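This report refers to the structure that appears directly beneath it.
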Amino acid sequence: MFPNMLPFAVGQFNPLVMQPQAMTQQATRHARRVYVGGLPPSANEQSVAIYFNQVMAAIGGNTAGPGDAVLNVYINHDKKFAFVEMRSVEEASNAMALDGILFEGAPVKVRRPTDYNPSLAAALGPSQPSGNLNLAAVGLTPGSAGGLEGPDRIFVGGLPYYFTEAQVRELLESFGPLRGFDLVKDRETGNSKGYAFCVYQDLNVTDIACAALNGIKMGDKTLTVRRANQGSAQPRPEQENILLQAQQQVQLQKLVYQVGALPTKVVCLTQVVTADELKDDEEYEDIMEDMRMEAGKYGNLVKVVIPRPHPNGEPIAGVGKVFLEYADIDGSTKAKTAMHGRKFGGNPVVASFYPENKFADEDYDE
């Protein structure tokens with residue numbers, strides 16, 4: 001069923017585990033399993049099972065009676081993830097509160113598997129972790145985990161990679177406060193992967209937010225916003241007036257993000273140079289030449305502007321930024337895509353589009 005995955009029955013080394021009847025076990029398996037990602041290479045089926053049995057007991061998550069909570073572990077060593085099967089639906093929901101826990105020194109993600117069906121699971125047992133879990137016993141903050149699970153969890157895809165966490169939150173919070181939010185980032189670079197998950201405090205706005213945001217253009221991207229565990233749901237008739245207001249609000253919100261989001265012929269780079277590097281004439285010319293050579297790889301480069309500090313210390317707009325003007329948007333888009341996130345002097349470069357009218361007016365204070 002799962003390539004490169006080896007099943008491990010916990011009962012093989014713990015005869016006290018009581019196996020559910022075969023039919024019940026099959027019918028409830030999707031709601032009794034949790035996905036555990038980010039495992040260290042040293043992890044194996046037995047160590048994962050023992051660890052989760054220990055932490056479930058420590059937080060008071062074993063609600064099905066005496067004995068261990070884990071029935072089976074299926075582990076994929078190549079991709080460093082596992083499916084951990086619990087003996088009850090309620091215990092699997094309690095395990096969701098362990099998201100971010102340290103396993104052999106590495107924080108792991110605890111999620112629902114892709115075959116989790118929230119509609120069916122709702123009839124089988126609780127879908128949220130118990131509010132009485134002692135998460136502090138395993139070093140977790142009570143109330144921080146489990147907030148991104150359940151049928152009202154929203155997937156937000158197609159985000160421009162240069163959108164910051166604050167920008168994404170601000171867009172989503174135009175519909176109401178969030179109970180949970182996670183902008184997914186690359187573990188090595190720390191850069192956004194272009195998608196996020198969220199849950200609203202008021203679950204009634206879930207469908208409204210999905211309908212209003214889905215299909216919205218953000219720069220060269222189109223947002224995909226839907227419930228994470230289902231297809232896109234339509235708002236109820238009584239929500240239509242609220243939806244109309246929400247869509248108008250989103251249109252206004254888009255104006256906030258037009259600067260730096262919609263393509264122009266000018267690219268602005270930040271975190272590339274420091275004011276001190278620009279003071280020396282020879283070093284400044286070297287930087288200019290390096291920028292011309294690098295930026296020229298992506299299109300017809302018209303102009304490079306690198307504002308310099310004033311000799312008497314007077315503030316100069318744009319110091320520390322590099323502006324690249326191209327003959328067309330194709331060149332600027334390629335440059336922005338290629339240079340955003342690259343490291344110069346140990347710092348990841350932030351590349352964004354810059355308004356052409358402001359650049360033409362030599363207004364670099366953005």
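By convention in this document, the chains of the structure tokens carry letters A, B, ... by their order, each chain's residues are numbered from 1, and ligands are numbered from 1 in the order they are shown.
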Once DSSP has gone over the backbone, tell me which residues of stretch 14-248 of chain A are in alpha helix (DSSP H), as number ranges by chain. A: 22-32, 45-59, 89-95, 118-121, 165-172, 206-213, 240-248
Might you pull out every residue within 12 Å of stretch 117-121 of chain A, with only C-alpha atoms counted and same-chain residues fewer than 3 positions away left off, and present them as a ChimeraX atom specification? /A:27-33,88-90,92-93,112-114,124-128,149-153,227-231
List the spatial neighbours of A:Tyr195 as a list in words - criterion: any atom at most 12 Å away, only C-alpha atoms, same-chain residues fewer than 6 positions off excluded.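 The filter keeps Ile154, Phe155, Val156, Gly157, Gly158, Leu159, Pro160, Tyr161, Tyr162, Phe163, Thr164, Glu165, Val168, Phe181, Asp182, Leu183, Val184, Lys185, Asp186, Lys221, Thr222, Leu223, Thr224, Val225, Arg226 and Ala228 of chain A.
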Would you put the residues from that selection into a file with N, CA and C atoms, as a tab-separated table (two decimals), in the first residue's frame?
```tsv
chain	number	residue	atom	x	y	z
A	154	ILE	N	-8.31	25.51	6.81
A	154	ILE	CA	-8.31	26.08	5.45
A	154	ILE	C	-6.93	25.97	4.83
A	155	PHE	N	-6.90	25.54	3.58
A	155	PHE	CA	-5.66	25.52	2.79
A	155	PHE	C	-5.62	26.79	1.95
A	156	VAL	N	-4.51	27.51	2.00
A	156	VAL	CA	-4.31	28.73	1.21
A	156	VAL	C	-3.10	28.51	0.32
A	157	GLY	N	-3.32	28.26	-0.96
A	157	GLY	CA	-2.23	28.00	-1.90
A	157	GLY	C	-2.08	29.10	-2.93
A	158	GLY	N	-0.97	29.06	-3.67
A	158	GLY	CA	-0.72	30.07	-4.70
A	158	GLY	C	-0.25	31.40	-4.16
A	159	LEU	N	0.32	31.40	-2.95
A	159	LEU	CA	0.82	32.66	-2.38
A	159	LEU	C	2.13	33.05	-3.05
A	160	PRO	N	2.31	34.31	-3.41
A	160	PRO	CA	3.63	34.74	-3.90
A	160	PRO	C	4.70	34.43	-2.85
A	161	TYR	N	5.84	33.93	-3.29
A	161	TYR	CA	6.87	33.47	-2.36
A	161	TYR	C	7.43	34.59	-1.50
A	162	TYR	N	7.33	35.83	-1.97
A	162	TYR	CA	7.90	36.94	-1.23
A	162	TYR	C	6.91	37.53	-0.22
A	163	PHE	N	5.70	36.98	-0.13
A	163	PHE	CA	4.77	37.45	0.89
A	163	PHE	C	5.28	37.02	2.26
A	164	THR	N	5.31	37.96	3.17
A	164	THR	CA	5.76	37.66	4.53
A	164	THR	C	4.61	37.04	5.33
A	165	GLU	N	4.97	36.47	6.46
A	165	GLU	CA	3.97	35.89	7.35
A	165	GLU	C	2.96	36.94	7.78
A	168	VAL	N	0.43	37.71	4.92
A	168	VAL	CA	-0.57	36.66	4.73
A	168	VAL	C	-1.59	36.70	5.86
A	181	PHE	N	-2.57	29.46	12.64
A	181	PHE	CA	-2.02	29.90	11.35
A	181	PHE	C	-0.63	29.29	11.17
A	182	ASP	N	-0.36	28.80	9.95
A	182	ASP	CA	0.96	28.23	9.67
A	182	ASP	C	1.34	28.50	8.22
A	183	LEU	N	2.31	29.38	8.00
A	183	LEU	CA	2.87	29.59	6.66
A	183	LEU	C	3.98	28.57	6.50
A	184	VAL	N	3.80	27.65	5.56
A	184	VAL	CA	4.73	26.54	5.40
A	184	VAL	C	6.02	27.04	4.76
A	185	LYS	N	7.16	26.71	5.38
A	185	LYS	CA	8.45	27.19	4.91
A	185	LYS	C	9.40	26.03	4.65
A	186	ASP	N	10.37	26.26	3.78
A	186	ASP	CA	11.42	25.27	3.53
A	186	ASP	C	12.27	25.14	4.79
A	221	LYS	N	0.42	35.29	-9.36
A	221	LYS	CA	-0.14	34.07	-8.78
A	221	LYS	C	-1.66	34.19	-8.64
A	222	THR	N	-2.32	33.03	-8.58
A	222	THR	CA	-3.75	32.97	-8.32
A	222	THR	C	-3.98	32.13	-7.07
A	223	LEU	N	-4.68	32.70	-6.11
A	223	LEU	CA	-4.89	32.00	-4.85
A	223	LEU	C	-5.85	30.82	-5.00
A	224	THR	N	-5.53	29.72	-4.35
A	224	THR	CA	-6.44	28.58	-4.19
A	224	THR	C	-6.74	28.47	-2.71
A	225	VAL	N	-7.99	28.72	-2.34
A	225	VAL	CA	-8.38	28.74	-0.93
A	225	VAL	C	-9.59	27.84	-0.75
A	226	ARG	N	-9.44	26.81	0.07
A	226	ARG	CA	-10.53	25.85	0.30
A	226	ARG	C	-10.29	25.15	1.63
A	228	ALA	N	-9.18	22.33	3.88
A	228	ALA	CA	-8.02	21.47	3.62
A	228	ALA	C	-8.42	20.02	3.40
```
Find the residues near A:Gly100: any atom within 7 Å, counting only C-alpha atoms, skip ones fewer than 6 places away on the same chain, and give them as a ChimeraX atom specification. /A:107-109
With N, CA, C and O atoms retained, write the just-selected residues as an mmCIF file, in the first residue's frame.
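Dumped to again.cif:
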```cif
data_model
loop_
_atom_site.group_PDB
_atom_site.id
_atom_site.type_symbol
_atom_site.label_atom_id
_atom_site.label_comp_id
_atom_site.auth_asym_id
_atom_site.auth_seq_id
_atom_site.Cartn_x
_atom_site.Cartn_y
_atom_site.Cartn_z
ATOM 1 N N PRO A 107 12.087 18.583 16.020
ATOM 2 C CA PRO A 107 10.641 18.841 16.088
ATOM 3 C C PRO A 107 9.927 18.116 14.955
ATOM 4 O O PRO A 107 10.360 18.177 13.800
ATOM 5 N N VAL A 108 8.861 17.422 15.277
ATOM 6 C CA VAL A 108 8.128 16.670 14.247
ATOM 7 C C VAL A 108 6.742 17.274 14.048
ATOM 8 O O VAL A 108 6.178 17.889 14.949
ATOM 9 N N LYS A 109 6.242 17.091 12.842
ATOM 10 C CA LYS A 109 4.888 17.541 12.524
ATOM 11 C C LYS A 109 3.926 16.383 12.745
ATOM 12 O O LYS A 109 4.178 15.274 12.297
#
```
Do you know which residues are at most 12 Å from A:Leu172 counting only C-alpha atoms, after dropping those on the same chain fewer than 4 positions away, and could you put them as a PyMOL selection string? chain A and resi 154-156+159+165-168+176-183+196-201+205-206+208-210+212-214+223+225+246+249-250+253-254
Atoms to include: C-alpha atoms. Write the selected residues as a PDB file, in the first residue's frame.
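Heads up, here's the output in again27.pdb:
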```pdb
ATOM      1  CA  ILE A 154      -8.312  26.079   5.452  1.00  0.00           C
ATOM      2  CA  PHE A 155      -5.663  25.523   2.789  1.00  0.00           C
ATOM      3  CA  VAL A 156      -4.307  28.732   1.206  1.00  0.00           C
ATOM      4  CA  LEU A 159       0.821  32.659  -2.382  1.00  0.00           C
ATOM      5  CA  GLU A 165       3.969  35.887   7.346  1.00  0.00           C
ATOM      6  CA  ALA A 166       2.573  39.224   8.505  1.00  0.00           C
ATOM      7  CA  GLN A 167       1.168  40.023   5.046  1.00  0.00           C
ATOM      8  CA  VAL A 168      -0.567  36.660   4.730  1.00  0.00           C
ATOM      9  CA  GLY A 176     -11.837  37.772  11.521  1.00  0.00           C
ATOM     10  CA  PRO A 177      -9.265  36.676  14.110  1.00  0.00           C
ATOM     11  CA  LEU A 178      -7.417  33.388  13.542  1.00  0.00           C
ATOM     12  CA  ARG A 179      -7.268  30.533  16.024  1.00  0.00           C
ATOM     13  CA  GLY A 180      -4.326  28.953  14.226  1.00  0.00           C
ATOM     14  CA  PHE A 181      -2.018  29.898  11.348  1.00  0.00           C
ATOM     15  CA  ASP A 182       0.964  28.229   9.666  1.00  0.00           C
ATOM     16  CA  LEU A 183       2.874  29.592   6.664  1.00  0.00           C
ATOM     17  CA  ALA A 196      -0.375  28.135   4.324  1.00  0.00           C
ATOM     18  CA  PHE A 197      -3.042  26.725   6.619  1.00  0.00           C
ATOM     19  CA  CYS A 198      -5.357  28.557   8.993  1.00  0.00           C
ATOM     20  CA  VAL A 199      -8.411  28.135  11.214  1.00  0.00           C
ATOM     21  CA  TYR A 200     -10.707  31.021  12.176  1.00  0.00           C
ATOM     22  CA  GLN A 201     -11.894  31.565  15.727  1.00  0.00           C
ATOM     23  CA  VAL A 205     -16.662  32.594   8.374  1.00  0.00           C
ATOM     24  CA  THR A 206     -14.776  29.569   7.019  1.00  0.00           C
ATOM     25  CA  ILE A 208     -17.116  32.940   3.388  1.00  0.00           C
ATOM     26  CA  ALA A 209     -13.339  33.400   3.478  1.00  0.00           C
ATOM     27  CA  CYS A 210     -12.804  30.461   1.098  1.00  0.00           C
ATOM     28  CA  ALA A 212     -14.075  35.345  -1.251  1.00  0.00           C
ATOM     29  CA  LEU A 213     -10.353  34.592  -1.509  1.00  0.00           C
ATOM     30  CA  ASN A 214     -10.343  31.663  -3.938  1.00  0.00           C
ATOM     31  CA  LEU A 223      -4.891  31.997  -4.845  1.00  0.00           C
ATOM     32  CA  VAL A 225      -8.376  28.742  -0.931  1.00  0.00           C
ATOM     33  CA  ALA A 246     -16.207  40.189   2.173  1.00  0.00           C
ATOM     34  CA  GLN A 249     -13.177  43.976   1.374  1.00  0.00           C
ATOM     35  CA  VAL A 250     -10.751  41.653  -0.403  1.00  0.00           C
ATOM     36  CA  GLN A 253      -7.139  44.575   0.591  1.00  0.00           C
ATOM     37  CA  LYS A 254      -5.559  43.774  -2.767  1.00  0.00           C
TER      38      LYS A 254
END
```
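With only C-alpha atoms as the atoms that count, the minimum distance from A:Tyr35 to the choices A:Asp330, A:Asp115, A:Glu170, A:Asp78 is reached by A:Asp115.
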Of A:Leu133, A:Val322, A:Ala57, A:Ala95, the one nearest to A:Thr270 when counting only C-alpha atoms is A:Val322
Counting only C-alpha atoms, what is within 10 Å of A:Pro307, bar same-chain residues fewer than 6 positions away, as a list of chain:residue names? A:Ala275, A:Leu278, A:Ile316, A:Ala317, A:Gly318, A:Val319, A:Gly320, A:Lys321, A:Val322, A:Phe323, A:Glu362, A:Tyr364
